[in-house]
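Colleague: For reference, the structure I am asking about is given below.
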Amino acid sequence: MSKTYEFFYGEEKILVETGKLAKQAHGSVFLTWGKTQVLVSVCSSYERKEGQDFFPLTVDYKEKFFASGKFLGGFIKRESRPNEREILLMRIIDRPLRPMFPEGYDFDTIINAQVFSYEEGKDPEILAGLGASLALLVSDIPFEKAVAFSKIGRDEKGFTFNSLENSSMEVVLACTEDAFLMVEGQAEEISEKDMLEALIFSKNHMKDFFRMCKEIQKDFPFKRQWALPENKDLVLTESQKQKIATILVESEKKKRSLLTQKIFQEILMDFSEEDKKQVKNLLEDELSFLLRENILKKKLRIGNRALDEIRSIETEVSYLERPHGSALFTRGETQVLSAVTLGGKEGEQMVDTMLGLSFQKFYLHYTFMPFSVGEARMYRGASRREVGHGNLAERALKMMMPSQEEFPYTVRVTCDVLESNGSSSMATVCAGSLALMDAGVPLKKPVAGIAMGLVYDSEDQYAILTDILGDEDHLGDMDFKVAGTAQGITALQMDLKLEGISLEILEKSLEQARVARLKILSIMEKTLSKQRSSLKEGAPLIHTLNIDPAQIGLLIGPGGKTIKALQEKYSVNIDIEEQGFVRIFGLQAEALADCKAEIELSLNGPTINECYQAIVVSLKPYGAFVDILNSQISGLVHVSEIQDGRVEKVEDFLKENDIVTVKVLGKDDQGKYKLSIKAAK
């Protein structure tokens with residue numbers, strides 16, 4: 001039967017309808033916030049796949065263009081592949097929900113969220129996150145704890161809840177009633193203390209949502225029965241455990257990987273083919289147990305590294321010859337090569353979404369090649385993971401990018417991961433920052449990033465790790481990436497394998513990350529402390545000017561004739577924005593200056609008391625008519641203004657097509673320019 005629930009999220013009322021739409025799904029809810037409406041459904045298989053050894057959870061989010069009364073741009077008018085914004089939200093919903101499922105639950109599970117109606121200011125992403133949690137609660141899937149999602153902003157009055165208008169930060173928080181699950185977003189150098197206050201502020205606004213969830217759980221108490229696959233009572237011997245312990249002494253990833261394969265194969269040979277899958281899980285569990293024991297009891301990590309120790313860092317700029325800027329950043333066995341391209345409007349990234357059409361003048365592309373982790377497979381294009389990692393690095397750097405008035409270029413940063421063993425996304429932030437400064441981009445401040453880990457046993461026994469390795473990420477409980485300047489955080493992302501962490505652990509992690517970030521920034525500073533004073537050879541130079549928007553048509557000319565002629569004449573590219581902001585790109589400074597002068601002259605006319613080159617077009621008894629070069633502006637040089645002394649015949653001093661220098665004296669009563677040759681001398 002259909003039933004509607006309601007709750008206040010901050011000061012906004014949200015309605016949740018169940019039992020009316022998508023009734024064949026295992027759970028579905030229809031959420032309404034103002035005129036924004038989102039349907040979220042969930043289905044989970046009742047049979048597990050043979051050989052399944054992971055939890056196959058998939059989140060799908062789709063924004064329908066009709067929801068905002070818009071057509072999809074381009075030739076194809078049907079929504080198809082998810083855009084980057086949709087992919088990022090899928091990841092945001094997936095990550096906090098995944099650890100909330102029971103351990104060992106490995107049935108195919110699909111969460112589907114679709115936006116059917118959109119009102120500006122009522123964020124459908126919030127409804128999609130809340131709806132995913134609610135759809136699971138009303139289903140028979142064994143999911144017991146409600147998870148809330150919110151966005152935190154900050155304006156001149158303080159923190160804002162699910163409102164990002166005029167905001168200097170955008171942080172997404174996912175949490176249960178008593179613990180933090182996931183944090184991701186960007187900010188303008190927010191301090192660690194203020195970030196914690198923002199998270200507490202947001203969590204305090206979620207109480208009514210959790211109240212309603214308890215009401216829903218009373219109405220939907222039934223959960224399906226399931227059981228873990230039965231296993232034999234197999235155990236490892238002490239000698240086998242000692243062999244596994246030697247793996248953690250090896251600090252080099254490639255050698256450790258080969259050693260792991262060798263030891264695992266040796267141990268597996270002692271068991272039957274039927275038992276090998278279970279034994280392999282036992283080996284993984286033993287390796288995880290030993291790593292965690294070493295960290296918690298001995299305070300030692302893989303290769304005997306200290307808990308707060310950062311691996312060795314090497315930085316180099318201008319590594320590539322042709323790009324406008326480049327940098328190579330190596331931290332331990334993680335290496336990123338970054339390149340920067342500067343350009344104009346032709347380089348802008350067009351983004352067509354349900355919210356409307358926009359153009360990005362700064363963007364970052366992150367590529368994770370299989371060879372970076374020693375895998376022999378083809379690269380088939382950017383994965384969801386690559387999109388997420390690239391977006392995190394882009395956010396971190398974007399907050400420190402100069403304004404378009406200060407640096408009116410389109411800027412593309414590309415970051416290729418050449419080697420990976422832990423937090424390539426934070427290495428991307430460091431490499432990208434150095435490459436931007438190498439290109440002469442006036443970053444407000446250099447940016448660096450670090451990934452923190454966690455090994456958790458209880459609130460009294462846990463260890464926070466600085467600069468985690470891939471194995472520590474895989475076998476640990478947290479991946480907490482924090483990027484920023486020496487003054488504060490510009491981007492962060494926290495993922496957990498636990499059902500939440502306390503505020504105390506979050507606070508300690510942020511402080512430990514701050515200390516590490518300062519150390520990395522000091523190392524980067526030794527290579528390049530600020531942007532180069534000039535652009536590199538081959539980088540486009542730029543001149544800018546502002547014109548009256550009413551003059552844009554005049555500058556473009558009929559069919560683009562005028563602007564095309566200017567571009568061909570001076571070998572430049574000219575971009576014009578609707579507000580009248582004009583950017584002229586080229587490789588020759590003199591040509592740029594001449595082009596700018598011609599545009600100003602043709603649009604605004606000559607300046608009184610300034611001198612210009614002109615061509616004589618006709619002679620009269622009373623003077624000569626001339627056209628000022630590079631414009632369509634004419635004027636009269638009166639016979640008395642040709643030279644000092646009396647001029648009997650104009651023809652004695654001038655002839656048609658002569659090039660002369662004239663000074664602008666002013667305008668006559670009819671608005672015609674009065675010019676002088678003798679005054680120009």
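Residues in the structure tokens are named by chain (A, B, ... in the order shown) and by number from 1 within that chain; ligands are numbered from 1 in the order shown.
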Residues near Val616 of chain A, anyone? I mean within 10 Å using only C-alpha atoms, not counting same-chain ones fewer than 2 positions away, as a short mmCIF file (atom, residue, chain, number, x, y, z; two decimals) with C-alpha atoms, in the first residue's frame.
Modeller:
data_model
loop_
_atom_site.label_atom_id
_atom_site.label_comp_id
_atom_site.auth_asym_id
_atom_site.auth_seq_id
_atom_site.Cartn_x
_atom_site.Cartn_y
_atom_site.Cartn_z
CA ALA A 614 46.62 58.00 -42.71
CA SER A 618 41.06 62.94 -52.31
CA LEU A 619 42.25 66.51 -52.73
CA ALA A 624 42.67 66.91 -48.22
CA PHE A 625 40.41 64.07 -47.09
CA VAL A 626 42.33 61.20 -45.51
CA ASP A 627 41.45 57.78 -44.09
CA ILE A 628 43.13 56.79 -40.86
CA SER A 634 37.85 59.63 -42.41
CA GLY A 635 38.73 63.24 -41.66
CA LEU A 636 39.70 66.53 -43.25
CA VAL A 637 43.12 68.10 -43.16
CA LEU A 654 50.05 66.17 -51.34
CA LYS A 655 48.87 63.62 -53.86
CA GLU A 656 46.40 60.76 -53.62
CA ASN A 657 47.60 57.56 -51.86
CA ASP A 658 50.28 59.45 -49.94
CA ILE A 659 50.84 58.06 -46.42
CA VAL A 660 50.99 60.89 -43.90
#
Colleague: Per residue of segment 373-458 of chain A within 12 Å of segment 585-603 of chain A, note the shortest atom pair and the distance in Å to one decimal, counting only C-alpha atoms, and order the rows by chain and increasing residue number, as a Markdown table.
Modeller:
| residue | atom | partner | partner_atom | distance |
| --- | --- | --- | --- | --- |
| A:Pro408 | CA | A:Phe585 | CA | 10.2 |
| A:Tyr409 | CA | A:Phe585 | CA | 9.2 |
| A:Thr410 | CA | A:Phe585 | CA | 11.2 |
Colleague: For those residues, write C-alpha atoms to a file as a PDB file, in the first residue's frame.
Modeller:
ATOM      1  CA  PRO A 408      42.517  35.024 -19.113  1.00  0.00           C
ATOM      2  CA  TYR A 409      43.588  31.664 -20.536  1.00  0.00           C
ATOM      3  CA  THR A 410      41.841  28.327 -20.847  1.00  0.00           C
TER       4      THR A 410
END
Colleague: So, counting only C-alpha atoms, which residue among A:Gly671, A:Gly356, A:Pro621, A:Gly580 is closest to Glu648 of chain A?
Modeller: A:Pro621
Colleague: Grab the atom CA of Gln360 of chain A to atom CA of Met195 of chain A distance for me, in Å with one decimal place.
Modeller: 27.1 Å
Colleague: Atom CA of Ser2 of chain A and atom CA of Val138 of chain A, how far apart in Å?
Modeller: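 Atom-to-atom, atom CA of Val138 of chain A to atom CA of Ser2 of chain A, that is 12.3 Å.
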Colleague: Per residue of segment 43-103 of chain A within 10 Å of segment 488-495 of chain A, note the shortest atom pair and the distance in Å to one decimal, counting only C-alpha atoms, and order the rows by chain and increasing residue number, as a tab-separated table.
Modeller:
residue	atom	partner	partner_atom	distance
A:Ile92	CA	A:Asp495	CA	9.5
A:Arg95	CA	A:Asp495	CA	6.5
A:Pro96	CA	A:Asp495	CA	7.0
A:Pro99	CA	A:Asp495	CA	9.7
Colleague: If you count only C-alpha atoms, which residues fall within 10 Å of Lys497 of chain A, apart from same-chain ones fewer than 5 positions away, as a list of chain:residue names?
Modeller: A:Arg95, A:Pro96, A:Leu97, A:Arg98, A:Pro99, A:Met100, A:Leu181, A:Leu454, A:His474, A:Leu475, A:Gly476, A:Asp477, A:Met478, A:Asp479
Colleague: Just write the chosen residues, N, CA and C atoms, as an mmCIF file, in the first residue's frame.
Modeller:
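What ended up in out-v8.cif:
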data_model
loop_
_atom_site.group_PDB
_atom_site.id
_atom_site.type_symbol
_atom_site.label_atom_id
_atom_site.label_comp_id
_atom_site.auth_asym_id
_atom_site.auth_seq_id
_atom_site.Cartn_x
_atom_site.Cartn_y
_atom_site.Cartn_z
ATOM 1 N N ARG A 95 30.245 4.654 -2.088
ATOM 2 C CA ARG A 95 31.322 4.460 -1.108
ATOM 3 C C ARG A 95 30.846 4.383 0.339
ATOM 4 N N PRO A 96 29.945 5.235 0.808
ATOM 5 C CA PRO A 96 29.507 5.106 2.206
ATOM 6 C C PRO A 96 28.527 3.963 2.441
ATOM 7 N N LEU A 97 27.766 3.553 1.396
ATOM 8 C CA LEU A 97 26.793 2.475 1.577
ATOM 9 C C LEU A 97 27.466 1.100 1.610
ATOM 10 N N ARG A 98 28.516 0.929 0.851
ATOM 11 C CA ARG A 98 29.157 -0.381 0.704
ATOM 12 C C ARG A 98 29.542 -1.018 2.040
ATOM 13 N N PRO A 99 30.233 -0.303 2.960
ATOM 14 C CA PRO A 99 30.611 -0.959 4.223
ATOM 15 C C PRO A 99 29.452 -1.227 5.173
ATOM 16 N N MET A 100 28.255 -0.721 4.854
ATOM 17 C CA MET A 100 27.113 -0.899 5.742
ATOM 18 C C MET A 100 26.379 -2.217 5.501
ATOM 19 N N LEU A 181 30.892 8.650 7.885
ATOM 20 C CA LEU A 181 31.179 7.596 6.906
ATOM 21 C C LEU A 181 32.027 8.074 5.735
ATOM 22 N N LEU A 454 44.140 4.146 8.099
ATOM 23 C CA LEU A 454 43.723 3.822 9.457
ATOM 24 C C LEU A 454 43.677 2.305 9.632
ATOM 25 N N HIS A 474 44.464 -1.423 0.814
ATOM 26 C CA HIS A 474 43.689 -2.645 0.578
ATOM 27 C C HIS A 474 43.357 -3.375 1.883
ATOM 28 N N LEU A 475 44.323 -3.442 2.793
ATOM 29 C CA LEU A 475 44.141 -4.219 4.022
ATOM 30 C C LEU A 475 43.743 -3.358 5.218
ATOM 31 N N GLY A 476 43.769 -2.018 5.051
ATOM 32 C CA GLY A 476 43.415 -1.123 6.149
ATOM 33 C C GLY A 476 41.947 -0.756 6.152
ATOM 34 N N ASP A 477 41.589 0.257 6.954
ATOM 35 C CA ASP A 477 40.181 0.604 7.174
ATOM 36 C C ASP A 477 39.784 1.973 6.638
ATOM 37 N N MET A 478 40.757 2.751 6.126
ATOM 38 C CA MET A 478 40.416 4.115 5.697
ATOM 39 C C MET A 478 41.370 4.584 4.617
ATOM 40 N N ASP A 479 40.841 5.368 3.694
ATOM 41 C CA ASP A 479 41.631 6.099 2.708
ATOM 42 C C ASP A 479 41.148 7.541 2.773
#
Colleague: Can you tell me how far atom CA of Ser433 of chain A sits from atom CA of Met401 of chain A, in Å to one decimal?
Modeller: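 So the two atoms, atom CA of Ser433 of chain A and atom CA of Met401 of chain A, lie 9.9 Å apart.
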Colleague: Gln579 of chain A: which residues within 12 Å, counting only C-alpha atoms, same-chain residues fewer than 4 positions away excluded, as a count of residues only?
Modeller: 9
Colleague: As a PDB file with N, CA and C atoms, in the first residue's frame, which residues of segment 146-282 of chain A does DSSP assign to strand (DSSP E)?
Modeller:
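Final file, out-v2.pdb:
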ATOM      1  N   ALA A 148      22.671   9.139   5.993  1.00  0.00           N
ATOM      2  CA  ALA A 148      22.222  10.456   5.536  1.00  0.00           C
ATOM      3  C   ALA A 148      23.298  11.114   4.679  1.00  0.00           C
ATOM      4  N   PHE A 149      22.850  11.894   3.690  1.00  0.00           N
ATOM      5  CA  PHE A 149      23.743  12.639   2.803  1.00  0.00           C
ATOM      6  C   PHE A 149      23.381  14.117   2.883  1.00  0.00           C
ATOM      7  N   SER A 150      24.401  14.968   2.864  1.00  0.00           N
ATOM      8  CA  SER A 150      24.125  16.406   2.835  1.00  0.00           C
ATOM      9  C   SER A 150      25.278  17.133   2.168  1.00  0.00           C
ATOM     10  N   LYS A 151      25.013  18.379   1.763  1.00  0.00           N
ATOM     11  CA  LYS A 151      26.060  19.247   1.225  1.00  0.00           C
ATOM     12  C   LYS A 151      26.222  20.443   2.149  1.00  0.00           C
ATOM     13  N   ILE A 152      27.479  20.781   2.395  1.00  0.00           N
ATOM     14  CA  ILE A 152      27.784  21.888   3.309  1.00  0.00           C
ATOM     15  C   ILE A 152      28.409  23.021   2.510  1.00  0.00           C
ATOM     16  N   GLY A 153      27.860  24.219   2.683  1.00  0.00           N
ATOM     17  CA  GLY A 153      28.421  25.411   2.062  1.00  0.00           C
ATOM     18  C   GLY A 153      28.875  26.395   3.115  1.00  0.00           C
ATOM     19  N   ARG A 154      29.406  27.515   2.656  1.00  0.00           N
ATOM     20  CA  ARG A 154      29.861  28.553   3.599  1.00  0.00           C
ATOM     21  C   ARG A 154      29.773  29.907   2.912  1.00  0.00           C
ATOM     22  N   ASP A 155      29.002  30.813   3.502  1.00  0.00           N
ATOM     23  CA  ASP A 155      28.935  32.178   2.987  1.00  0.00           C
ATOM     24  C   ASP A 155      29.409  33.145   4.058  1.00  0.00           C
ATOM     25  N   GLY A 158      28.238  32.297   7.599  1.00  0.00           N
ATOM     26  CA  GLY A 158      28.635  31.051   8.250  1.00  0.00           C
ATOM     27  C   GLY A 158      28.325  29.844   7.381  1.00  0.00           C
ATOM     28  N   PHE A 159      28.253  28.691   7.997  1.00  0.00           N
ATOM     29  CA  PHE A 159      28.004  27.452   7.265  1.00  0.00           C
ATOM     30  C   PHE A 159      26.540  27.370   6.831  1.00  0.00           C
ATOM     31  N   THR A 160      26.334  26.730   5.679  1.00  0.00           N
ATOM     32  CA  THR A 160      24.978  26.557   5.159  1.00  0.00           C
ATOM     33  C   THR A 160      24.715  25.071   4.926  1.00  0.00           C
ATOM     34  N   PHE A 161      23.466  24.675   5.058  1.00  0.00           N
ATOM     35  CA  PHE A 161      23.064  23.273   4.935  1.00  0.00           C
ATOM     36  C   PHE A 161      22.301  23.081   3.637  1.00  0.00           C
ATOM     37  N   MET A 169      32.776  26.996  -0.244  1.00  0.00           N
ATOM     38  CA  MET A 169      33.093  25.581  -0.087  1.00  0.00           C
ATOM     39  C   MET A 169      31.910  24.738  -0.539  1.00  0.00           C
ATOM     40  N   GLU A 170      32.208  23.504  -0.906  1.00  0.00           N
ATOM     41  CA  GLU A 170      31.171  22.525  -1.249  1.00  0.00           C
ATOM     42  C   GLU A 170      31.665  21.172  -0.782  1.00  0.00           C
ATOM     43  N   VAL A 171      31.113  20.709   0.312  1.00  0.00           N
ATOM     44  CA  VAL A 171      31.545  19.443   0.903  1.00  0.00           C
ATOM     45  C   VAL A 171      30.337  18.534   1.065  1.00  0.00           C
ATOM     46  N   VAL A 172      30.462  17.294   0.588  1.00  0.00           N
ATOM     47  CA  VAL A 172      29.412  16.296   0.760  1.00  0.00           C
ATOM     48  C   VAL A 172      29.749  15.443   1.973  1.00  0.00           C
ATOM     49  N   LEU A 173      28.786  15.270   2.854  1.00  0.00           N
ATOM     50  CA  LEU A 173      28.964  14.449   4.051  1.00  0.00           C
ATOM     51  C   LEU A 173      27.968  13.300   4.027  1.00  0.00           C
ATOM     52  N   ALA A 174      28.450  12.097   4.313  1.00  0.00           N
ATOM     53  CA  ALA A 174      27.578  10.943   4.520  1.00  0.00           C
ATOM     54  C   ALA A 174      27.864  10.393   5.905  1.00  0.00           C
ATOM     55  N   CYS A 175      26.816  10.127   6.683  1.00  0.00           N
ATOM     56  CA  CYS A 175      27.025   9.665   8.050  1.00  0.00           C
ATOM     57  C   CYS A 175      25.823   8.854   8.527  1.00  0.00           C
ATOM     58  N   PHE A 180      30.719   9.179  11.384  1.00  0.00           N
ATOM     59  CA  PHE A 180      30.990   9.736  10.061  1.00  0.00           C
ATOM     60  C   PHE A 180      31.416   8.617   9.121  1.00  0.00           C
ATOM     61  N   LEU A 181      30.892   8.650   7.885  1.00  0.00           N
ATOM     62  CA  LEU A 181      31.179   7.596   6.906  1.00  0.00           C
ATOM     63  C   LEU A 181      32.027   8.074   5.735  1.00  0.00           C
ATOM     64  N   MET A 182      31.697   9.239   5.191  1.00  0.00           N
ATOM     65  CA  MET A 182      32.387   9.727   4.016  1.00  0.00           C
ATOM     66  C   MET A 182      32.349  11.245   3.969  1.00  0.00           C
ATOM     67  N   VAL A 183      33.461  11.834   3.537  1.00  0.00           N
ATOM     68  CA  VAL A 183      33.540  13.279   3.333  1.00  0.00           C
ATOM     69  C   VAL A 183      34.222  13.504   1.993  1.00  0.00           C
ATOM     70  N   GLU A 184      33.674  14.400   1.186  1.00  0.00           N
ATOM     71  CA  GLU A 184      34.328  14.740  -0.086  1.00  0.00           C
ATOM     72  C   GLU A 184      33.931  16.145  -0.492  1.00  0.00           C
ATOM     73  N   GLY A 185      34.899  16.929  -0.969  1.00  0.00           N
ATOM     74  CA  GLY A 185      34.552  18.255  -1.451  1.00  0.00           C
ATOM     75  C   GLY A 185      35.733  19.175  -1.586  1.00  0.00           C
ATOM     76  N   GLN A 186      35.429  20.467  -1.694  1.00  0.00           N
ATOM     77  CA  GLN A 186      36.435  21.493  -1.912  1.00  0.00           C
ATOM     78  C   GLN A 186      36.130  22.703  -1.049  1.00  0.00           C
ATOM     79  N   ALA A 187      37.161  23.512  -0.807  1.00  0.00           N
ATOM     80  CA  ALA A 187      36.983  24.721  -0.002  1.00  0.00           C
ATOM     81  C   ALA A 187      38.124  25.680  -0.289  1.00  0.00           C
ATOM     82  N   GLU A 188      37.919  26.934   0.058  1.00  0.00           N
ATOM     83  CA  GLU A 188      38.957  27.947  -0.123  1.00  0.00           C
ATOM     84  C   GLU A 188      39.809  28.029   1.136  1.00  0.00           C
ATOM     85  N   GLU A 189      40.789  27.147   1.222  1.00  0.00           N
ATOM     86  CA  GLU A 189      41.760  27.137   2.324  1.00  0.00           C
ATOM     87  C   GLU A 189      41.078  27.148   3.703  1.00  0.00           C
ATOM     88  N   ILE A 190      40.171  26.231   3.911  1.00  0.00           N
ATOM     89  CA  ILE A 190      39.511  26.142   5.207  1.00  0.00           C
ATOM     90  C   ILE A 190      40.439  25.444   6.199  1.00  0.00           C
TER      91      ILE A 190
END
Colleague: Pull the closest atom pair for each residue of segment 225-272 of chain A that gets at most 12 Å from segment 44-47 of chain A, along with the distance in Å to one decimal, counting only C-alpha atoms, ordering rows by chain and then ascending residue number, as a tab-separated table.
Modeller:
residue	atom	partner	partner_atom	distance
A:Gln225	CA	A:Tyr46	CA	9.8
A:Trp226	CA	A:Tyr46	CA	8.7
A:Ala227	CA	A:Glu47	CA	11.1
A:Leu228	CA	A:Glu47	CA	11.8
A:Pro229	CA	A:Glu47	CA	11.5
Colleague: Need the shell around segment 214-221 of chain A: protein/DNA/RNA residues with any atom at most 10 Å away, counting only C-alpha atoms. Skip same-chain ones fewer than 3 positions apart. Format as number ranges by chain?
Modeller: A: 5, 18, 134, 137-140, 144-146, 209-211
Colleague: Using only C-alpha atoms, pick whichever of A:Ser251, A:Ser117, A:Asn304, A:Ser383 has the shortest atom-to-atom distance to Pro82 of chain A.
Modeller: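 Closest residue, counting only C-alpha atoms: A:Ser383.
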Colleague: With only C-alpha atoms as the counted atoms, please give the residues lying no more than 9 Å from Glu309 of chain A, apart from itself and same-chain residues fewer than 2 positions off, as a ChimeraX atom specification.
Modeller: /A:305-307,311,465-467,516
Colleague: Could you give me, as a list in words, the residues within 8 Å of Phe116 of chain A, counting only C-alpha atoms and dropping anything in the same chain fewer than 6 positions from it?
Modeller: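 Selected residues are Thr36, Gln37, Val38, Leu39, Glu63, Lys64, Phe66 and Ala67 of chain A.
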Colleague: With only C-alpha atoms as the atoms that count, which of A:Met452, A:Leu283, A:Leu506, A:Ala393 lies nearest to Leu199 of chain A?
Modeller: A:Leu506
Colleague: Apply DSSP to the backbone of this structure and, from segment 38-255 of chain A, keep only the residues in alpha helix (DSSP H); write these as a PyMOL selection string.
Modeller: chain A and resi 84-97+124-138+192-204+207-219+238-245+253-255
